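Asks: Following this message is one structure expressed as structure tokens.
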Amino acid sequence: EAQVTQNPRYLITVTGKKLTVTCSQNMNHEYMSWYRQDPGLGLRQIYYSMNVEVTDKGDVPEGYKVSRKEKRNFPLILESPSPNQTSLYFCASRYSGGGNQPQHFGDGTRLSIL
Amino acid sequence: EDQVTQSPEALRLQEGESSSLNCSYTVSGLRGLFWYRQDPGKGPEFLFTLYSAGEEKEKERLKATLTKKESFLHITAPKPEDSATYLCAVLLRAGNNRKLIWGLGTSLAVNP
């Protein structure tokens with residue numbers, strides 16, 4: 001089954017404790033992306049990757065890191081999480097080609113930073 | 001400033017009561033418009049892509065249309081399982097790249 005898998009689905013942690021949210025896709029998609037979704041602000045892109053070893057900032061990259069060492073994986077790293085990073089996070093992937101390919105989303109990771 | 005606005009924010013319908021959701025946009029260089037459905041606790045699920053004014057796409061009880069300023073998602077004779085948040089996103093040209101701007105969504109509840 002074609003899918004984007006995120007882990008963990010839920011996490012409660014404390015300020016400053018490094019965490020990683022993993023994302024894996026099995027569709028051989030070149031493009032992968034991370035979003036956060038907040039009430040009243042909608043979906044905002046954090047980082048994206050056009051292919052292996054190619055990453056770039058989205059609209060709200062501050063406080064986040066990513067890496068793309070393999071085509072299927074795109075982890076999101078919070079080196080020193082802060083309460084304003086409490087949010088619902090989504091990983092997405094799609095084929096390349098002008099940006100007009102639809103994205104496939106994971107089921108989300110709800111992060112609470114205390 | 002490029003902007004995407006969805007209305008209404010929330011809509012409650014009786015089963016079988018048809019209606020339309022609106023996605024209006026003020027952008028330069030439209031390259032496409034997407035509709036997604038999002039269920040609680042899930043990620044957005046792709047429904048349609050529209051590329052040019054006058055284009056229409058249909059899937060079961062849903063029909064999406066596009067003009068030069070807005071898109072409509074028409075829901076005909078909805079059922080309770082159509083309850084979800086519907087998101088639209090506009091793809092525009094941004095220099096040499098493409099950029100996706102998301103609306104805030106319309107939360108639809110269909111009562112049996």
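Quick note on naming: the chains in the structure tokens go A, B, ... in the order shown, residues restart at 1 in each chain, and ligands are numbered from 1 in order of appearance.
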Excluding Ser67 (chain A) and any residue of its chain fewer than 4 positions from it, enumerate the residues within 12 Å of it, using only C-alpha atoms, and give them as a JSON list (two decimals) with all heavy atoms, in the first residue's frame.

Replies:
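See around38.json below for the written result:
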```
[["chain", "number", "residue", "atom", "x", "y", "z"],
["A", 20, "THR", "N", 13.56, 13.93, 17.29],
["A", 20, "THR", "CA", 13.50, 13.68, 15.85],
["A", 20, "THR", "C", 12.17, 13.03, 15.51],
["A", 20, "THR", "O", 11.74, 12.08, 16.18],
["A", 20, "THR", "CB", 14.64, 12.76, 15.39],
["A", 20, "THR", "OG1", 15.89, 13.38, 15.68],
["A", 20, "THR", "CG2", 14.55, 12.47, 13.90],
["A", 21, "VAL", "N", 11.52, 13.55, 14.48],
["A", 21, "VAL", "CA", 10.31, 12.95, 13.95],
["A", 21, "VAL", "C", 10.69, 12.30, 12.61],
["A", 21, "VAL", "O", 11.21, 12.98, 11.72],
["A", 21, "VAL", "CB", 9.19, 13.97, 13.74],
["A", 21, "VAL", "CG1", 7.91, 13.28, 13.28],
["A", 21, "VAL", "CG2", 8.94, 14.77, 15.01],
["A", 22, "THR", "N", 10.44, 11.02, 12.51],
["A", 22, "THR", "CA", 10.83, 10.33, 11.28],
["A", 22, "THR", "C", 9.70, 10.34, 10.26],
["A", 22, "THR", "O", 8.52, 10.41, 10.61],
["A", 22, "THR", "CB", 11.24, 8.88, 11.56],
["A", 22, "THR", "OG1", 10.11, 8.16, 12.06],
["A", 22, "THR", "CG2", 12.38, 8.82, 12.56],
["A", 23, "CYS", "N", 10.08, 10.28, 8.99],
["A", 23, "CYS", "CA", 9.12, 10.22, 7.90],
["A", 23, "CYS", "C", 9.69, 9.29, 6.83],
["A", 23, "CYS", "O", 10.85, 9.46, 6.42],
["A", 23, "CYS", "CB", 8.88, 11.61, 7.32],
["A", 23, "CYS", "SG", 7.85, 11.58, 5.82],
["A", 32, "MET", "N", 9.98, 15.61, -1.03],
["A", 32, "MET", "CA", 9.39, 15.41, 0.29],
["A", 32, "MET", "C", 9.36, 16.74, 1.02],
["A", 32, "MET", "O", 10.17, 17.64, 0.75],
["A", 32, "MET", "CB", 10.16, 14.37, 1.11],
["A", 32, "MET", "CG", 10.13, 12.98, 0.48],
["A", 32, "MET", "SD", 10.88, 11.69, 1.48],
["A", 32, "MET", "CE", 9.66, 11.47, 2.78],
["A", 33, "SER", "N", 8.43, 16.86, 1.96],
["A", 33, "SER", "CA", 8.21, 18.15, 2.59],
["A", 33, "SER", "C", 7.70, 17.97, 4.01],
["A", 33, "SER", "O", 7.04, 16.95, 4.31],
["A", 33, "SER", "CB", 7.18, 18.94, 1.76],
["A", 33, "SER", "OG", 6.92, 20.19, 2.33],
["A", 34, "TRP", "N", 7.97, 18.94, 4.86],
["A", 34, "TRP", "CA", 7.41, 18.99, 6.20],
["A", 34, "TRP", "C", 6.56, 20.24, 6.35],
["A", 34, "TRP", "O", 6.95, 21.34, 5.92],
["A", 34, "TRP", "CB", 8.50, 19.01, 7.27],
["A", 34, "TRP", "CG", 9.02, 17.67, 7.63],
["A", 34, "TRP", "CD1", 10.19, 17.09, 7.24],
["A", 34, "TRP", "CD2", 8.37, 16.71, 8.47],
["A", 34, "TRP", "NE1", 10.31, 15.84, 7.78],
["A", 34, "TRP", "CE2", 9.20, 15.58, 8.55],
["A", 34, "TRP", "CE3", 7.15, 16.70, 9.19],
["A", 34, "TRP", "CZ2", 8.87, 14.44, 9.29],
["A", 34, "TRP", "CZ3", 6.82, 15.58, 9.92],
["A", 34, "TRP", "CH2", 7.69, 14.46, 9.97],
["A", 47, "TYR", "N", 10.34, 22.81, 5.74],
["A", 47, "TYR", "CA", 11.45, 22.49, 4.84],
["A", 47, "TYR", "C", 10.94, 21.57, 3.75],
["A", 47, "TYR", "O", 9.93, 20.89, 3.93],
["A", 47, "TYR", "CB", 12.57, 21.77, 5.61],
["A", 47, "TYR", "CG", 13.64, 22.65, 6.19],
["A", 47, "TYR", "CD1", 13.56, 23.07, 7.51],
["A", 47, "TYR", "CD2", 14.74, 23.04, 5.43],
["A", 47, "TYR", "CE1", 14.55, 23.87, 8.07],
["A", 47, "TYR", "CE2", 15.73, 23.84, 5.98],
["A", 47, "TYR", "CZ", 15.63, 24.26, 7.30],
["A", 47, "TYR", "OH", 16.61, 25.05, 7.84],
["A", 48, "TYR", "N", 11.67, 21.54, 2.65],
["A", 48, "TYR", "CA", 11.37, 20.59, 1.61],
["A", 48, "TYR", "C", 12.66, 20.06, 1.00],
["A", 48, "TYR", "O", 13.73, 20.65, 1.18],
["A", 48, "TYR", "CB", 10.45, 21.19, 0.53],
["A", 48, "TYR", "CG", 11.04, 22.33, -0.27],
["A", 48, "TYR", "CD1", 11.67, 22.10, -1.49],
["A", 48, "TYR", "CD2", 10.94, 23.64, 0.20],
["A", 48, "TYR", "CE1", 12.19, 23.15, -2.23],
["A", 48, "TYR", "CE2", 11.46, 24.69, -0.54],
["A", 48, "TYR", "CZ", 12.08, 24.45, -1.75],
["A", 48, "TYR", "OH", 12.59, 25.49, -2.47],
["A", 49, "SER", "N", 12.50, 18.96, 0.27],
["A", 49, "SER", "CA", 13.65, 18.34, -0.37],
["A", 49, "SER", "C", 13.26, 17.89, -1.77],
["A", 49, "SER", "O", 12.28, 17.17, -1.94],
["A", 49, "SER", "CB", 14.12, 17.13, 0.44],
["A", 49, "SER", "OG", 15.06, 16.38, -0.28],
["A", 50, "MET", "N", 14.02, 18.35, -2.76],
["A", 50, "MET", "CA", 13.72, 17.99, -4.15],
["A", 50, "MET", "C", 14.26, 16.61, -4.50],
["A", 50, "MET", "O", 13.79, 15.97, -5.43],
["A", 50, "MET", "CB", 14.30, 19.03, -5.11],
["A", 50, "MET", "CG", 13.73, 20.42, -4.93],
["A", 50, "MET", "SD", 12.00, 20.53, -5.40],
["A", 50, "MET", "CE", 12.15, 20.43, -7.18],
["A", 51, "ASN", "N", 15.27, 16.16, -3.75],
["A", 51, "ASN", "CA", 15.84, 14.83, -3.99],
["A", 51, "ASN", "C", 16.91, 14.58, -2.92],
["A", 51, "ASN", "O", 17.13, 15.41, -2.03],
["A", 51, "ASN", "CB", 16.44, 14.72, -5.39],
["A", 51, "ASN", "CG", 16.29, 13.33, -5.98],
["A", 51, "ASN", "OD1", 16.41, 12.33, -5.27],
["A", 51, "ASN", "ND2", 16.01, 13.27, -7.27],
["A", 52, "VAL", "N", 17.57, 13.45, -3.00],
["A", 52, "VAL", "CA", 18.58, 13.08, -2.00],
["A", 52, "VAL", "C", 19.65, 14.17, -1.94],
["A", 52, "VAL", "O", 20.12, 14.65, -2.96],
["A", 52, "VAL", "CB", 19.21, 11.72, -2.36],
["A", 52, "VAL", "CG1", 20.34, 11.38, -1.40],
["A", 52, "VAL", "CG2", 18.15, 10.63, -2.36],
["A", 53, "GLU", "N", 19.98, 14.55, -0.70],
["A", 53, "GLU", "CA", 21.02, 15.55, -0.42],
["A", 53, "GLU", "C", 20.66, 16.95, -0.91],
["A", 53, "GLU", "O", 21.52, 17.83, -0.93],
["A", 53, "GLU", "CB", 22.38, 15.12, -1.02],
["A", 53, "GLU", "CG", 22.92, 13.78, -0.52],
["A", 53, "GLU", "CD", 23.35, 13.79, 0.94],
["A", 53, "GLU", "OE1", 23.22, 14.84, 1.61],
["A", 53, "GLU", "OE2", 23.79, 12.74, 1.42],
["A", 54, "VAL", "N", 19.42, 17.19, -1.28],
["A", 54, "VAL", "CA", 18.97, 18.52, -1.71],
["A", 54, "VAL", "C", 17.81, 18.95, -0.84],
["A", 54, "VAL", "O", 16.71, 18.40, -0.93],
["A", 54, "VAL", "CB", 18.52, 18.51, -3.19],
["A", 54, "VAL", "CG1", 18.08, 19.93, -3.60],
["A", 54, "VAL", "CG2", 19.62, 18.01, -4.09],
["A", 55, "THR", "N", 18.07, 19.93, 0.05],
["A", 55, "THR", "CA", 17.02, 20.43, 0.93],
["A", 55, "THR", "C", 16.99, 21.95, 0.86],
["A", 55, "THR", "O", 17.99, 22.59, 0.53],
["A", 55, "THR", "CB", 17.22, 20.00, 2.39],
["A", 55, "THR", "OG1", 18.45, 20.56, 2.88],
["A", 55, "THR", "CG2", 17.28, 18.48, 2.51],
["A", 56, "ASP", "N", 15.83, 22.52, 1.19],
["A", 56, "ASP", "CA", 15.70, 23.97, 1.17],
["A", 56, "ASP", "C", 14.65, 24.41, 2.17],
["A", 56, "ASP", "O", 13.76, 23.63, 2.55],
["A", 56, "ASP", "CB", 15.33, 24.47, -0.22],
["A", 56, "ASP", "CG", 15.88, 25.86, -0.49],
["A", 56, "ASP", "OD1", 16.27, 26.56, 0.48],
["A", 56, "ASP", "OD2", 15.92, 26.27, -1.65],
["A", 57, "LYS", "N", 14.77, 25.67, 2.60],
["A", 57, "LYS", "CA", 13.86, 26.21, 3.59],
["A", 57, "LYS", "C", 12.49, 26.49, 2.99],
["A", 57, "LYS", "O", 12.38, 26.93, 1.84],
["A", 57, "LYS", "CB", 14.43, 27.52, 4.16],
["A", 57, "LYS", "CG", 15.72, 27.34, 4.93],
["A", 57, "LYS", "CD", 16.26, 28.69, 5.39],
["A", 57, "LYS", "CE", 17.57, 28.51, 6.13],
["A", 57, "LYS", "NZ", 18.13, 29.81, 6.56],
["A", 71, "LYS", "N", 16.43, 8.34, -0.33],
["A", 71, "LYS", "CA", 15.26, 8.85, -1.04],
["A", 71, "LYS", "C", 13.99, 8.67, -0.24],
["A", 71, "LYS", "O", 13.09, 9.51, -0.28],
["A", 71, "LYS", "CB", 15.13, 8.13, -2.39],
["A", 71, "LYS", "CG", 14.20, 8.82, -3.36],
["A", 71, "LYS", "CD", 14.29, 8.17, -4.72],
["A", 71, "LYS", "CE", 13.49, 8.94, -5.74],
["A", 71, "LYS", "NZ", 13.60, 8.33, -7.09],
["A", 72, "ARG", "N", 13.86, 7.58, 0.50],
["A", 72, "ARG", "CA", 12.60, 7.29, 1.16],
["A", 72, "ARG", "C", 12.42, 8.01, 2.50],
["A", 72, "ARG", "O", 11.32, 8.11, 2.99],
["A", 72, "ARG", "CB", 12.45, 5.79, 1.35],
["A", 72, "ARG", "CG", 13.49, 5.15, 2.26],
["A", 72, "ARG", "CD", 13.29, 3.64, 2.34],
["A", 72, "ARG", "NE", 12.06, 3.32, 3.02],
["A", 72, "ARG", "CZ", 11.12, 2.51, 2.53],
["A", 72, "ARG", "NH1", 11.30, 1.93, 1.35],
["A", 72, "ARG", "NH2", 10.03, 2.24, 3.19],
["A", 73, "ASN", "N", 13.50, 8.51, 3.11],
["A", 73, "ASN", "CA", 13.41, 9.06, 4.47],
["A", 73, "ASN", "C", 13.71, 10.55, 4.52],
["A", 73, "ASN", "O", 14.63, 11.04, 3.84],
["A", 73, "ASN", "CB", 14.39, 8.33, 5.40],
["A", 73, "ASN", "CG", 14.03, 6.87, 5.57],
["A", 73, "ASN", "OD1", 12.86, 6.51, 5.60],
["A", 73, "ASN", "ND2", 15.06, 6.02, 5.65],
["A", 74, "PHE", "N", 12.97, 11.25, 5.36],
["A", 74, "PHE", "CA", 13.14, 12.70, 5.49],
["A", 74, "PHE", "C", 12.84, 13.09, 6.94],
["A", 74, "PHE", "O", 11.75, 13.59, 7.24],
["A", 74, "PHE", "CB", 12.21, 13.41, 4.51],
["A", 74, "PHE", "CG", 12.46, 14.88, 4.35],
["A", 74, "PHE", "CD1", 13.74, 15.40, 4.23],
["A", 74, "PHE", "CD2", 11.38, 15.77, 4.28],
["A", 74, "PHE", "CE1", 13.95, 16.75, 4.06],
["A", 74, "PHE", "CE2", 11.59, 17.14, 4.12],
["A", 74, "PHE", "CZ", 12.88, 17.62, 4.01],
["A", 75, "PRO", "N", 13.77, 12.89, 7.85],
["A", 75, "PRO", "CA", 13.51, 13.20, 9.27],
["A", 75, "PRO", "C", 13.50, 14.69, 9.56],
["A", 75, "PRO", "O", 14.25, 15.46, 8.93],
["A", 75, "PRO", "CB", 14.66, 12.50, 9.99],
["A", 75, "PRO", "CG", 15.75, 12.42, 8.96],
["A", 75, "PRO", "CD", 15.08, 12.26, 7.64],
["A", 76, "LEU", "N", 12.68, 15.07, 10.51],
["A", 76, "LEU", "CA", 12.60, 16.46, 11.00],
["A", 76, "LEU", "C", 13.22, 16.49, 12.39],
["A", 76, "LEU", "O", 12.83, 15.72, 13.26],
["A", 76, "LEU", "CB", 11.15, 16.92, 11.07],
["A", 76, "LEU", "CG", 10.91, 18.34, 11.59],
["A", 76, "LEU", "CD1", 11.42, 19.38, 10.58],
["A", 76, "LEU", "CD2", 9.42, 18.56, 11.88],
["A", 77, "ILE", "N", 14.19, 17.38, 12.58],
["A", 77, "ILE", "CA", 14.94, 17.44, 13.83],
["A", 77, "ILE", "C", 14.67, 18.77, 14.52],
["A", 77, "ILE", "O", 14.79, 19.84, 13.90],
["A", 77, "ILE", "CB", 16.45, 17.28, 13.56],
["A", 77, "ILE", "CG1", 16.71, 15.97, 12.82],
["A", 77, "ILE", "CG2", 17.25, 17.34, 14.87],
["A", 77, "ILE", "CD1", 17.98, 15.96, 12.02],
["A", 78, "LEU", "N", 14.31, 18.68, 15.81],
["A", 78, "LEU", "CA", 14.20, 19.87, 16.64],
["A", 78, "LEU", "C", 15.34, 19.79, 17.65],
["A", 78, "LEU", "O", 15.31, 18.99, 18.59],
["A", 78, "LEU", "CB", 12.85, 19.93, 17.35],
["A", 78, "LEU", "CG", 11.64, 20.33, 16.49],
["A", 78, "LEU", "CD1", 11.25, 19.24, 15.50],
["A", 78, "LEU", "CD2", 10.46, 20.71, 17.39]]
```

Asks: For chain A, which residues have at least one atom within 9 Å of chain B, if we go by only C-alpha atoms? Write them as a PyMOL selection string, please.

Replies: chain A and resi 39-45+90-92+98-108

Asks: May I have the residues from that selection written out with N, CA and C atoms, as a PDB file, in the first residue's frame?

Replies:
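What ended up in part.pdb:
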```pdb
ATOM      1  N   PRO A  39      -4.114  26.153  14.315  1.00  0.00           N
ATOM      2  CA  PRO A  39      -5.427  26.795  14.166  1.00  0.00           C
ATOM      3  C   PRO A  39      -5.273  28.250  13.752  1.00  0.00           C
ATOM      4  N   GLY A  40      -6.032  28.658  12.748  1.00  0.00           N
ATOM      5  CA  GLY A  40      -5.990  30.035  12.292  1.00  0.00           C
ATOM      6  C   GLY A  40      -4.829  30.367  11.379  1.00  0.00           C
ATOM      7  N   LEU A  41      -3.879  29.438  11.251  1.00  0.00           N
ATOM      8  CA  LEU A  41      -2.708  29.689  10.394  1.00  0.00           C
ATOM      9  C   LEU A  41      -2.619  28.681   9.256  1.00  0.00           C
ATOM     10  N   GLY A  42      -3.319  27.590   9.382  1.00  0.00           N
ATOM     11  CA  GLY A  42      -3.332  26.598   8.319  1.00  0.00           C
ATOM     12  C   GLY A  42      -2.024  25.836   8.201  1.00  0.00           C
ATOM     13  N   LEU A  43      -1.807  25.273   7.035  1.00  0.00           N
ATOM     14  CA  LEU A  43      -0.600  24.508   6.751  1.00  0.00           C
ATOM     15  C   LEU A  43       0.522  25.446   6.315  1.00  0.00           C
ATOM     16  N   ARG A  44       1.648  25.329   6.988  1.00  0.00           N
ATOM     17  CA  ARG A  44       2.808  26.140   6.621  1.00  0.00           C
ATOM     18  C   ARG A  44       4.006  25.221   6.413  1.00  0.00           C
ATOM     19  N   GLN A  45       4.719  25.466   5.337  1.00  0.00           N
ATOM     20  CA  GLN A  45       5.836  24.587   4.988  1.00  0.00           C
ATOM     21  C   GLN A  45       7.073  24.947   5.808  1.00  0.00           C
ATOM     22  N   PHE A  90       3.021  17.485   9.667  1.00  0.00           N
ATOM     23  CA  PHE A  90       2.752  16.547   8.586  1.00  0.00           C
ATOM     24  C   PHE A  90       3.946  16.457   7.658  1.00  0.00           C
ATOM     25  N   CYS A  91       4.256  15.218   7.266  1.00  0.00           N
ATOM     26  CA  CYS A  91       5.210  14.957   6.218  1.00  0.00           C
ATOM     27  C   CYS A  91       4.436  14.636   4.952  1.00  0.00           C
ATOM     28  N   ALA A  92       4.961  15.055   3.810  1.00  0.00           N
ATOM     29  CA  ALA A  92       4.288  14.800   2.541  1.00  0.00           C
ATOM     30  C   ALA A  92       5.314  14.462   1.476  1.00  0.00           C
ATOM     31  N   GLY A  98       7.480  20.183 -11.844  1.00  0.00           N
ATOM     32  CA  GLY A  98       6.743  21.437 -11.922  1.00  0.00           C
ATOM     33  C   GLY A  98       5.892  21.759 -10.725  1.00  0.00           C
ATOM     34  N   GLY A  99       5.835  20.905  -9.770  1.00  0.00           N
ATOM     35  CA  GLY A  99       5.068  21.190  -8.572  1.00  0.00           C
ATOM     36  C   GLY A  99       3.600  20.896  -8.688  1.00  0.00           C
ATOM     37  N   ASN A 100       3.129  20.461  -9.880  1.00  0.00           N
ATOM     38  CA  ASN A 100       1.703  20.248 -10.026  1.00  0.00           C
ATOM     39  C   ASN A 100       1.278  18.800  -9.782  1.00  0.00           C
ATOM     40  N   GLN A 101       2.173  18.008  -9.221  1.00  0.00           N
ATOM     41  CA  GLN A 101       1.786  16.670  -8.805  1.00  0.00           C
ATOM     42  C   GLN A 101       1.175  16.738  -7.405  1.00  0.00           C
ATOM     43  N   PRO A 102       0.096  16.009  -7.134  1.00  0.00           N
ATOM     44  CA  PRO A 102      -0.511  16.060  -5.806  1.00  0.00           C
ATOM     45  C   PRO A 102       0.403  15.436  -4.763  1.00  0.00           C
ATOM     46  N   GLN A 103       0.311  15.959  -3.546  1.00  0.00           N
ATOM     47  CA  GLN A 103       1.112  15.433  -2.457  1.00  0.00           C
ATOM     48  C   GLN A 103       0.345  14.356  -1.699  1.00  0.00           C
ATOM     49  N   HIS A 104       1.116  13.387  -1.187  1.00  0.00           N
ATOM     50  CA  HIS A 104       0.575  12.360  -0.309  1.00  0.00           C
ATOM     51  C   HIS A 104       1.071  12.683   1.102  1.00  0.00           C
ATOM     52  N   PHE A 105       0.148  12.718   2.037  1.00  0.00           N
ATOM     53  CA  PHE A 105       0.476  13.126   3.396  1.00  0.00           C
ATOM     54  C   PHE A 105       0.490  11.938   4.357  1.00  0.00           C
ATOM     55  N   GLY A 106       1.348  12.046   5.361  1.00  0.00           N
ATOM     56  CA  GLY A 106       1.262  11.132   6.483  1.00  0.00           C
ATOM     57  C   GLY A 106       0.097  11.517   7.386  1.00  0.00           C
ATOM     58  N   ASP A 107      -0.100  10.735   8.439  1.00  0.00           N
ATOM     59  CA  ASP A 107      -1.235  10.977   9.337  1.00  0.00           C
ATOM     60  C   ASP A 107      -0.938  11.965  10.452  1.00  0.00           C
ATOM     61  N   GLY A 108       0.268  12.508  10.462  1.00  0.00           N
ATOM     62  CA  GLY A 108       0.555  13.584  11.384  1.00  0.00           C
ATOM     63  C   GLY A 108       1.234  13.151  12.671  1.00  0.00           C
TER      64      GLY A 108
END
```

Asks: May I have the residues within 10 Å of region 59-73 of chain B as a ChimeraX atom specification, using only C-alpha atoms and disregarding those fewer than 3 positions away in the same chain?

Replies: /B:4-7,18-27,30,32-35,47-56,76-79,82,86,88

Asks: Find the residues near region 81-85 of chain A: any atom within 12 Å, counting only C-alpha atoms, skip ones fewer than 5 places away on the same chain, and give them as a VMD selection string.

Replies: chain A and resid 12 to 20 35 to 38 46 60 to 65 76 110 to 114

Asks: Restricting it to C-alpha atoms, dump the selection as a compact mmCIF listing (two decimals), in the first residue's frame.

Replies:
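What landed in selection-v1.txt:
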```
# COMPACT_ATOMS: atom_id res chain seq x y z
CA ILE A 12 4.97 15.24 24.89
CA THR A 13 8.39 16.52 25.85
CA VAL A 14 10.15 19.38 27.58
CA THR A 15 11.88 22.50 26.38
CA GLY A 16 15.40 21.94 25.13
CA LYS A 17 15.31 18.15 24.79
CA LYS A 18 16.34 17.25 21.26
CA LEU A 19 13.85 15.21 19.29
CA THR A 20 13.50 13.68 15.85
CA TYR A 35 4.47 21.15 7.29
CA ARG A 36 3.08 22.36 10.55
CA GLN A 37 -0.63 22.97 10.98
CA ASP A 38 -1.89 25.47 13.55
CA ILE A 46 8.92 24.13 7.18
CA VAL A 60 8.85 28.73 8.72
CA PRO A 61 12.23 26.96 9.02
CA GLU A 62 13.50 28.60 12.23
CA GLY A 63 14.24 26.06 14.97
CA TYR A 64 14.12 23.04 12.66
CA LYS A 65 16.64 20.93 10.76
CA LEU A 76 12.60 16.46 11.00
CA ARG A 110 1.16 15.90 17.42
CA LEU A 111 3.99 17.50 19.39
CA SER A 112 3.55 19.17 22.76
CA ILE A 113 6.58 21.03 24.14
CA LEU A 114 6.22 21.92 27.81
```

Asks: Could you pull out the strand (DSSP E) residues of chain A from DSSP and send them as JSON, numbers by chain?

Replies: {"A": [4, 5, 6, 7, 10, 11, 12, 13, 19, 20, 21, 22, 23, 24, 25, 31, 32, 33, 34, 35, 36, 37, 38, 42, 43, 44, 45, 46, 47, 48, 49, 50, 51, 54, 55, 56, 57, 65, 66, 76, 77, 78, 87, 88, 89, 90, 91, 92, 93, 94, 104, 105, 109, 110, 111, 112, 113]}

Asks: Taking 6 positions as the minimum chain separation for residues in the same chain, which residues sit within 6 Å of Val110 (chain B) when counting only C-alpha atoms? Answer as a CSV table (one decimal) with C-alpha atoms, in the first residue's frame.

Replies:
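Written output follows (part02.csv):
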```csv
chain,number,residue,atom,x,y,z
B,12,ARG,CA,-23.5,22.2,8.7
B,13,LEU,CA,-25.8,20.4,6.3
B,14,GLN,CA,-28.6,17.8,6.5
B,15,GLU,CA,-28.0,14.6,4.6
B,80,PRO,CA,-22.6,11.9,6.8
B,83,SER,CA,-18.1,15.2,6.9
```
